[in-house]
$ cat model_34.txt   # compact mmCIF, C-alpha atoms and all ligand atoms
# COMPACT_ATOMS: atom_id res chain seq x y z
CA MET B 122 -11.81 -23.26 -15.76
CA GLU B 123 -11.39 -20.31 -18.08
CA THR B 124 -9.25 -17.67 -16.31
CA ILE B 125 -8.75 -14.14 -17.58
CA ILE B 126 -5.73 -12.26 -16.21
CA ALA B 127 -6.08 -8.57 -15.39
CA SER B 128 -3.49 -6.03 -16.43
CA PRO B 129 -1.86 -4.39 -14.49
CA ILE B 130 -1.36 -7.20 -12.00
CA SER B 131 1.31 -8.11 -9.37
CA PHE B 132 3.87 -5.73 -7.81
CA CYS B 133 3.71 -2.00 -8.46
CA GLY B 134 7.00 -0.33 -9.43
CA GLY B 135 7.78 0.83 -5.87
CA VAL B 136 7.27 -2.57 -4.26
CA LYS B 137 9.08 -4.40 -7.08
CA HIS B 138 12.14 -2.19 -6.63
CA ALA B 139 12.13 -2.56 -2.81
CA VAL B 140 11.76 -6.35 -2.95
CA GLU B 141 14.43 -6.78 -5.65
CA GLU B 142 16.87 -4.51 -3.81
CA ALA B 143 16.21 -6.24 -0.47
CA ARG B 144 16.94 -9.61 -2.13
CA ARG B 145 20.03 -8.39 -3.97
CA LEU B 146 21.56 -6.72 -0.90
CA SER B 147 20.71 -9.68 1.38
CA GLN B 148 22.58 -12.01 -0.95
CA ARG B 149 25.54 -9.64 -1.22
CA TYR B 150 26.09 -8.38 2.35
CA PRO B 151 26.70 -10.57 5.41
CA LYS B 152 24.00 -8.88 7.52
CA VAL B 153 21.03 -6.94 6.12
CA TYR B 154 18.15 -5.69 8.24
CA MET B 155 14.86 -4.17 7.21
CA LEU B 156 12.68 -2.00 9.37
CA PHE B 157 9.26 -3.73 9.16
CA ALA B 158 8.13 -5.88 6.23
CA PRO B 159 8.92 -4.46 2.75
CA VAL B 160 5.55 -5.62 1.45
CA HIS B 161 2.26 -6.75 3.01
CA ASN B 162 2.69 -10.29 1.74
CA GLU B 163 3.73 -13.11 4.07
CA GLU B 164 4.94 -15.37 1.24
CA VAL B 165 7.31 -12.75 -0.22
CA VAL B 166 8.60 -11.84 3.25
CA SER B 167 9.40 -15.45 4.12
CA SER B 168 11.28 -15.93 0.83
CA LEU B 169 13.36 -12.79 1.59
CA LYS B 170 14.11 -14.16 5.05
CA LYS B 171 15.44 -17.33 3.41
CA ASP B 172 17.85 -15.10 1.48
CA GLY B 173 19.14 -13.75 4.79
CA LEU B 174 17.06 -10.59 5.32
CA VAL B 175 16.42 -9.93 9.02
CA LEU B 176 13.17 -8.11 9.76
CA LEU B 177 13.19 -5.65 12.64
CA GLU B 178 9.69 -5.51 14.11
CA GLY B 179 7.72 -5.97 17.31
CA ALA B 180 8.78 -2.72 18.99
CA ALA B 181 8.95 1.01 18.28
CA ALA B 182 11.09 1.83 15.24
CA LEU B 183 13.47 4.08 17.16
CA ASP B 184 14.20 1.24 19.62
CA LEU B 185 14.79 -1.25 16.79
CA ILE B 186 17.22 0.81 14.71
CA PRO B 187 20.28 0.29 17.00
CA GLU B 188 19.91 -3.50 16.42
CA ALA B 189 21.25 -2.96 12.89
CA GLN B 190 24.62 -1.63 14.04
CA ASP B 191 26.48 -4.71 12.76
CA GLY B 192 24.96 -4.58 9.27
CA LEU B 193 23.09 -2.61 6.65
CA LEU B 194 19.60 -1.23 7.41
CA LEU B 195 16.94 -0.91 4.69
CA PHE B 196 13.99 1.47 4.85
CA GLY B 197 11.10 0.14 2.73
CA ALA B 198 8.99 1.55 -0.13
CA HIS B 199 6.23 3.08 2.00
CA GLY B 200 8.33 5.89 3.47
CA HIS B 201 9.40 6.64 7.05
CA PRO B 202 9.65 9.60 9.43
CA LEU B 203 12.88 11.57 9.09
CA ALA B 204 13.57 10.80 12.77
CA TYR B 205 14.39 7.20 11.75
CA GLU B 206 17.28 8.39 9.57
CA GLU B 207 18.45 10.76 12.31
CA LYS B 208 18.44 7.86 14.77
CA ALA B 209 20.39 5.65 12.35
CA ILE B 210 23.04 8.36 11.88
CA GLU B 211 23.24 8.90 15.66
CA GLU B 212 23.73 5.15 16.22
CA GLY B 213 26.26 4.79 13.39
CA VAL B 214 23.93 2.52 11.40
CA GLU B 215 24.55 2.44 7.65
CA PHE B 216 21.23 2.57 5.78
CA VAL B 217 19.67 2.47 2.31
CA ASP B 218 16.40 4.29 1.62
CA LEU B 219 14.07 2.38 -0.73
CA THR B 220 11.15 4.81 -0.50
CA CYS B 221 9.02 4.73 -3.67
CA PRO B 222 9.40 7.88 -5.82
CA TYR B 223 5.63 8.57 -5.62
CA VAL B 224 5.66 8.47 -1.81
CA ARG B 225 8.78 10.62 -1.76
CA ARG B 226 7.12 13.20 -4.01
CA ILE B 227 4.08 13.45 -1.70
CA LEU B 228 6.26 13.77 1.41
CA GLU B 229 8.30 16.54 -0.24
CA ALA B 230 5.11 18.36 -1.23
CA LEU B 231 3.78 18.08 2.34
CA ARG B 232 7.05 19.49 3.68
CA GLU B 233 6.78 22.52 1.43
CA GLU B 234 3.01 23.09 1.68
CA SER B 235 2.88 22.79 5.47
CA GLN B 236 5.04 25.91 5.75
CA ASN B 237 2.14 28.03 4.52
CA HIS B 238 -0.96 25.88 4.99
CA ASP B 239 -2.68 23.52 7.37
CA ILE B 240 -3.06 20.08 5.78
CA ILE B 241 -5.82 17.53 6.21
CA TYR B 242 -4.32 14.11 5.48
CA LEU B 243 -6.38 11.02 4.69
CA GLY B 244 -4.39 7.93 5.64
CA GLU B 245 -4.43 4.68 7.55
CA GLU B 246 -3.40 5.32 11.14
CA GLY B 247 -0.17 3.43 11.95
CA HIS B 248 0.76 2.75 8.30
CA GLN B 249 4.40 3.72 7.58
CA GLU B 250 3.43 6.18 4.86
CA CYS B 251 0.91 7.86 7.16
CA LEU B 252 3.44 8.00 10.02
CA ALA B 253 5.96 9.59 7.65
CA ALA B 254 3.44 12.22 6.51
CA LEU B 255 2.21 13.15 9.99
CA SER B 256 5.78 13.43 11.32
CA ILE B 257 6.60 16.28 8.91
CA SER B 258 4.75 19.10 10.64
CA LYS B 259 2.32 19.88 13.46
CA ARG B 260 0.21 21.57 10.77
CA ILE B 261 -0.64 18.16 9.22
CA PHE B 262 -3.83 16.66 10.71
CA LEU B 263 -5.09 13.12 10.19
CA TYR B 264 -8.61 13.02 8.73
CA LYS B 265 -11.11 11.11 10.85
CA GLU B 266 -14.60 10.65 9.46
CA GLY B 267 -17.18 12.95 11.01
CA THR B 268 -14.68 15.06 12.96
CA THR B 269 -13.36 17.55 10.39
CA ASN B 270 -15.25 20.41 12.06
CA LYS B 271 -13.37 19.69 15.30
CA LEU B 272 -9.88 19.97 13.79
CA PRO B 273 -7.90 22.91 15.26
CA ILE B 274 -7.45 24.43 11.80
CA LYS B 275 -7.21 28.23 11.45
CA ASP B 276 -6.32 28.24 7.74
CA GLN B 277 -9.36 29.12 5.55
CA SER B 278 -7.85 27.15 2.65
CA PRO B 279 -6.25 24.03 4.11
CA ILE B 280 -4.80 21.51 1.66
CA PHE B 281 -6.34 18.05 1.35
CA ARG B 282 -3.89 15.21 0.61
CA CYS B 283 -3.96 11.44 1.04
CA GLN B 284 -1.90 8.26 1.34
CA THR B 285 -1.04 6.82 -2.08
CA THR B 286 -2.98 3.60 -1.49
CA MET B 287 -6.40 5.01 -0.55
CA SER B 288 -9.38 4.01 -2.65
CA LEU B 289 -11.09 6.53 -4.93
CA GLU B 290 -14.28 5.94 -2.95
CA GLU B 291 -12.62 6.73 0.42
CA ILE B 292 -11.10 9.89 -1.06
CA GLU B 293 -14.44 10.98 -2.51
CA LYS B 294 -16.20 10.49 0.82
CA ALA B 295 -13.56 12.44 2.77
CA ARG B 296 -13.53 15.17 0.10
CA GLY B 297 -17.28 15.73 0.53
CA GLU B 298 -16.94 16.19 4.29
CA ILE B 299 -13.83 18.41 4.07
CA LEU B 300 -15.36 20.70 1.45
CA SER B 301 -18.55 21.05 3.48
CA VAL B 302 -16.50 22.32 6.46
CA PHE B 303 -13.82 24.19 4.45
CA PRO B 304 -15.38 25.25 1.12
CA ASN B 305 -12.06 26.83 0.04
CA ALA B 306 -9.97 23.74 0.82
CA ILE B 307 -7.35 22.98 -1.87
CA ASP B 308 -7.88 19.46 -3.13
CA ARG B 309 -4.65 17.57 -3.90
CA ALA B 310 -5.77 14.10 -2.82
CA ALA B 311 -5.20 11.27 -5.31
CA PRO B 312 -3.91 7.70 -5.12
CA CYS B 313 -0.65 6.93 -6.94
CA PRO B 314 -1.02 5.90 -10.61
CA ALA B 315 -0.39 2.22 -9.75
CA THR B 316 -3.20 2.13 -7.17
CA GLN B 317 -5.50 4.13 -9.41
CA ALA B 318 -4.90 1.90 -12.46
CA ARG B 319 -5.73 -1.22 -10.43
CA GLN B 320 -8.89 0.33 -9.00
CA GLU B 321 -10.06 1.56 -12.39
CA LEU B 322 -9.93 -2.04 -13.60
CA SER B 323 -12.84 -2.73 -11.28
CA ARG B 324 -15.01 -0.49 -13.48
CA HIS B 325 -13.99 -2.18 -16.73
CA LEU B 326 -14.18 -5.91 -16.11
CA PRO B 327 -14.50 -8.10 -19.23
CA LYS B 328 -18.23 -8.48 -19.92
CA ASN B 329 -18.27 -12.29 -19.86
CA VAL B 330 -16.66 -12.85 -16.41
CA ARG B 331 -18.92 -14.12 -13.62
CA SER B 332 -16.44 -14.16 -10.75
CA ALA B 333 -13.26 -12.42 -9.64
CA VAL B 334 -10.34 -13.39 -7.41
CA VAL B 335 -8.44 -10.48 -5.88
CA LEU B 336 -5.05 -11.75 -4.79
CA GLY B 337 -3.28 -10.14 -1.85
CA SER B 338 -2.94 -10.17 1.89
CA ALA B 339 -5.68 -9.14 4.33
CA THR B 340 -3.11 -6.65 5.69
CA SER B 341 -2.47 -4.99 2.32
CA ARG B 342 -4.30 -1.66 2.15
CA ASN B 343 -4.32 -1.44 -1.67
CA THR B 344 -5.55 -5.06 -1.97
CA LEU B 345 -8.48 -4.34 0.35
CA SER B 346 -9.25 -1.11 -1.56
CA LEU B 347 -9.29 -3.08 -4.82
CA TYR B 348 -11.46 -5.87 -3.37
CA GLU B 349 -14.02 -3.34 -2.06
CA ALA B 350 -14.03 -1.48 -5.39
CA VAL B 351 -14.62 -4.69 -7.39
CA LYS B 352 -17.52 -5.71 -5.14
CA LYS B 353 -19.11 -2.26 -5.23
CA GLU B 354 -18.81 -1.78 -8.99
CA ASN B 355 -19.95 -5.32 -9.83
CA PRO B 356 -22.69 -6.34 -7.38
CA ASP B 357 -23.69 -9.43 -9.42
CA LEU B 358 -20.19 -10.92 -9.47
CA PHE B 359 -18.95 -13.63 -7.10
CA VAL B 360 -15.81 -12.01 -5.61
CA ILE B 361 -13.22 -13.33 -3.16
CA ARG B 362 -9.94 -12.00 -1.77
CA ALA B 363 -7.23 -14.57 -1.18
CA LEU B 364 -3.51 -14.64 -0.49
CA ASP B 365 -2.83 -17.71 -2.63
CA GLU B 366 -4.30 -20.93 -4.05
CA LYS B 367 -4.65 -22.44 -0.54
CA GLU B 368 -6.99 -19.64 0.47
CA ILE B 369 -8.92 -20.04 -2.80
CA GLU B 370 -9.47 -23.79 -2.33
CA PRO B 371 -12.54 -23.51 -0.03
CA TYR B 372 -14.28 -21.50 -2.78
CA ALA B 373 -13.35 -23.86 -5.64
CA ASP B 374 -16.92 -25.17 -6.18
CA GLU B 375 -18.46 -21.70 -6.22
CA LEU B 376 -15.80 -20.46 -8.61
CA ARG B 377 -16.48 -23.41 -10.95
CA GLN B 378 -20.14 -22.44 -10.96
CA HIS B 379 -19.20 -18.84 -11.78
CA ALA B 380 -16.75 -19.29 -14.65
CA PRO B 381 -15.00 -17.53 -16.31
CA VAL B 382 -13.01 -16.02 -13.47
CA TYR B 383 -11.10 -12.75 -13.60
CA LEU B 384 -7.75 -12.88 -11.74
CA MET B 385 -6.63 -9.55 -10.26
CA SER B 386 -4.19 -8.51 -7.55
CA GLY B 387 -3.15 -5.61 -5.37
CA ALA B 388 0.39 -4.26 -5.62
CA SER B 389 1.89 -6.75 -3.17
CA SER B 390 1.39 -10.12 -4.93
CA ALA B 391 4.54 -11.65 -6.42
CA PRO B 392 4.62 -12.72 -10.11
CA GLU B 393 5.34 -16.33 -8.99
CA THR B 394 2.13 -16.35 -6.90
CA ILE B 395 0.08 -15.02 -9.81
CA LYS B 396 1.46 -17.74 -12.10
CA ARG B 397 0.78 -20.51 -9.56
CA VAL B 398 -2.75 -19.27 -8.88
CA GLN B 399 -3.45 -18.97 -12.60
CA GLU B 400 -2.40 -22.62 -13.09
CA TYR B 401 -4.56 -23.66 -10.12
CA LEU B 402 -7.64 -21.83 -11.40
CA GLU B 403 -7.17 -23.25 -14.91
CA SER B 404 -7.00 -26.75 -13.42
CA LEU B 405 -10.39 -26.43 -11.70
S1 LIG I 501 1.44 1.64 -4.23
FE1 LIG I 501 2.13 3.40 -5.44
S2 LIG I 501 3.16 4.72 -4.00
FE2 LIG I 501 2.97 2.74 -2.99
S3 LIG I 501 4.88 1.68 -3.45
FE3 LIG I 501 3.44 1.15 -5.08
S4 LIG I 501 3.80 2.64 -6.75
FE4 LIG I 501 4.72 3.42 -4.87

$ encode --input "model_34.txt" --output "structure tokens"
Amino acid sequence: METIIASPISFCGGVKHAVEEARRLSQRYPKVYMLFAPVHNEEVVSSLKKDGLVLLEGAAALDLIPEAQDGLLLFGAHGHPLAYEEKAIEEGVEFVDLTCPYVRRILEALREESQNHDIIYLGEEGHQECLAALSISKRIFLYKEGTTNKLPIKDQSPIFRCQTTMSLEEIEKARGEILSVFPNAIDRAAPCPATQARQELSRHLPKNVRSAVVLGSATSRNTLSLYEAVKKENPDLFVIRALDEKEIEPYADELRQHAPVYLMSGASSAPETIKRVQEYLESL
């Protein structure tokens, strides 16, 4: 089956760096731990575990950090509350911070802006990046649809910011509500360039494609944002989201009937997975 490969595809810069560093350090040091998965992709995580990386998860971060006392602790690309570093120092845990430069820039801006403004933050509750943002100041409030008018905000010009992986559509929707409650709100909400570039692809699909496969995990926020954007922008297209070729298999017949297929991915699919899936689709 004819398969057209999107560009950009596969890891974004931040995830690529975190995964490569996690692999390099795991091979070099006797014991390397990572606080939560470096990427929302089960296949990549299991390959890192084979290289010796030990994932710390299943409990609160502050309770997990002391477990890394006999090795090196890695903080992933999505950012983390400062309290994690303070805990590591207190427990004598050596650590390496792999936070993506884009996330770091937003967190620094929030730190500075929250000294003079209230902030309305659009993010996914529980996501590491969102936890990091909300931990910075009591003046940062998580946006919840339909409740902006109930936020205890005194500032007439609060700042509106968002997690780097939000979809343009989600941002637009939140923006409308926030501006209706705070007409003088300062709008600084935008996804990172990597997320934005992937989402913009959904508006410029090659004219001849009749189906699209969006590769990525069901737990990857930017994959889900991309999948939703592709479906919304291209209502006549047959679109599926899948982690790998095994998850595509049940849709093989429908894809054959809707050739050519456009292969896309969120920022958490490894280059090896893309290559394998491309070969699979071409063999259909
Ligand atoms: S999605 Fe954007 S902000 Fe997040 S790790 Fe990738 S490049 Fe960095």

$ axis_aligned_box --input "model_34.txt" --around "ligand LIG 501 (chain I)" --padding-each-side "8 Å" --output "lines of an AutoDock Vina configuration file"
center_x = 3.2
center_y = 2.9
center_z = -4.9
size_x = 19.4
size_y = 19.6
size_z = 19.8

$ closest_atom_pairs --input "model_34.txt" --of "chain B" --to "ligand LIG 501 (chain I)" --cutoff "12 Å" --atoms "all atoms listed in the file" --output "Markdown table"
| residue | atom | partner | partner_atom | distance |
| --- | --- | --- | --- | --- |
| B:Pro129 | CA | I:LIG501 | S4 | 11.9 |
| B:Ile130 | CA | I:LIG501 | FE3 | 11.9 |
| B:Ser131 | CA | I:LIG501 | FE3 | 10.4 |
| B:Phe132 | CA | I:LIG501 | FE3 | 7.4 |
| B:Cys133 | CA | I:LIG501 | FE3 | 4.6 |
| B:Gly134 | CA | I:LIG501 | S4 | 5.1 |
| B:Gly135 | CA | I:LIG501 | S3 | 3.9 |
| B:Val136 | CA | I:LIG501 | S3 | 4.9 |
| B:Lys137 | CA | I:LIG501 | FE3 | 8.2 |
| B:His138 | CA | I:LIG501 | S3 | 8.8 |
| B:Ala139 | CA | I:LIG501 | S3 | 8.4 |
| B:Val140 | CA | I:LIG501 | S3 | 10.6 |
| B:Pro159 | CA | I:LIG501 | S3 | 9.6 |
| B:Val160 | CA | I:LIG501 | S3 | 8.8 |
| B:His161 | CA | I:LIG501 | S3 | 10.9 |
| B:Gly197 | CA | I:LIG501 | S3 | 8.9 |
| B:Ala198 | CA | I:LIG501 | S3 | 5.3 |
| B:His199 | CA | I:LIG501 | S3 | 5.8 |
| B:Gly200 | CA | I:LIG501 | S3 | 8.8 |
| B:Leu219 | CA | I:LIG501 | S3 | 9.6 |
| B:Thr220 | CA | I:LIG501 | S3 | 7.6 |
| B:Cys221 | CA | I:LIG501 | FE4 | 4.7 |
| B:Pro222 | CA | I:LIG501 | FE4 | 6.5 |
| B:Tyr223 | CA | I:LIG501 | S2 | 4.9 |
| B:Val224 | CA | I:LIG501 | S2 | 5.0 |
| B:Arg225 | CA | I:LIG501 | S2 | 8.5 |
| B:Arg226 | CA | I:LIG501 | S2 | 9.4 |
| B:Ile227 | CA | I:LIG501 | S2 | 9.1 |
| B:Leu228 | CA | I:LIG501 | S2 | 11.0 |
| B:His248 | CA | I:LIG501 | FE2 | 11.5 |
| B:Gln249 | CA | I:LIG501 | FE2 | 10.7 |
| B:Glu250 | CA | I:LIG501 | FE2 | 8.6 |
| B:Cys251 | CA | I:LIG501 | FE2 | 11.6 |
| B:Cys283 | CA | I:LIG501 | S2 | 11.0 |
| B:Gln284 | CA | I:LIG501 | S2 | 8.2 |
| B:Thr285 | CA | I:LIG501 | S2 | 5.1 |
| B:Thr286 | CA | I:LIG501 | S1 | 5.6 |
| B:Met287 | CA | I:LIG501 | S1 | 9.3 |
| B:Ser288 | CA | I:LIG501 | S1 | 11.2 |
| B:Ala311 | CA | I:LIG501 | S2 | 10.7 |
| B:Pro312 | CA | I:LIG501 | FE1 | 7.4 |
| B:Cys313 | CA | I:LIG501 | FE1 | 4.7 |
| B:Pro314 | CA | I:LIG501 | FE1 | 6.5 |
| B:Ala315 | CA | I:LIG501 | FE1 | 5.1 |
| B:Thr316 | CA | I:LIG501 | S1 | 5.5 |
| B:Gln317 | CA | I:LIG501 | FE1 | 8.6 |
| B:Ala318 | CA | I:LIG501 | FE1 | 10.0 |
| B:Arg319 | CA | I:LIG501 | S1 | 9.9 |
| B:Gln320 | CA | I:LIG501 | S1 | 11.5 |
| B:Ser341 | CA | I:LIG501 | S1 | 10.1 |
| B:Arg342 | CA | I:LIG501 | S1 | 9.2 |
| B:Asn343 | CA | I:LIG501 | S1 | 7.0 |
| B:Thr344 | CA | I:LIG501 | S1 | 9.9 |
| B:Ser346 | CA | I:LIG501 | S1 | 11.4 |
| B:Leu347 | CA | I:LIG501 | S1 | 11.7 |
| B:Gly387 | CA | I:LIG501 | S1 | 8.7 |
| B:Ala388 | CA | I:LIG501 | S1 | 6.2 |
| B:Ser389 | CA | I:LIG501 | FE3 | 8.3 |
| B:Ser390 | CA | I:LIG501 | FE3 | 11.5 |

$ closest_residue --input "model_34.txt" --among "B:Ala310, B:Ala143, B:Ile395, B:Ile274" --to "B:Lys170" --atoms "all atoms listed in the file"
B:Ala143

$ residues_near_point --input "model_34.txt" --point "(-5.6, -23.8, -3.4)" --cutoff "12 Å" --atoms "all atoms listed in the file" --output "ChimeraX atom specification"
/B:363-374,376,394,397-405

$ residues_around --input "model_34.txt" --residues "B:Tyr150" --least-positions-apart "6" --cutoff "12 Å" --atoms "only C-alpha atoms" --output "PyMOL selection string"
chain B and resi 142-144+172-175+191-194
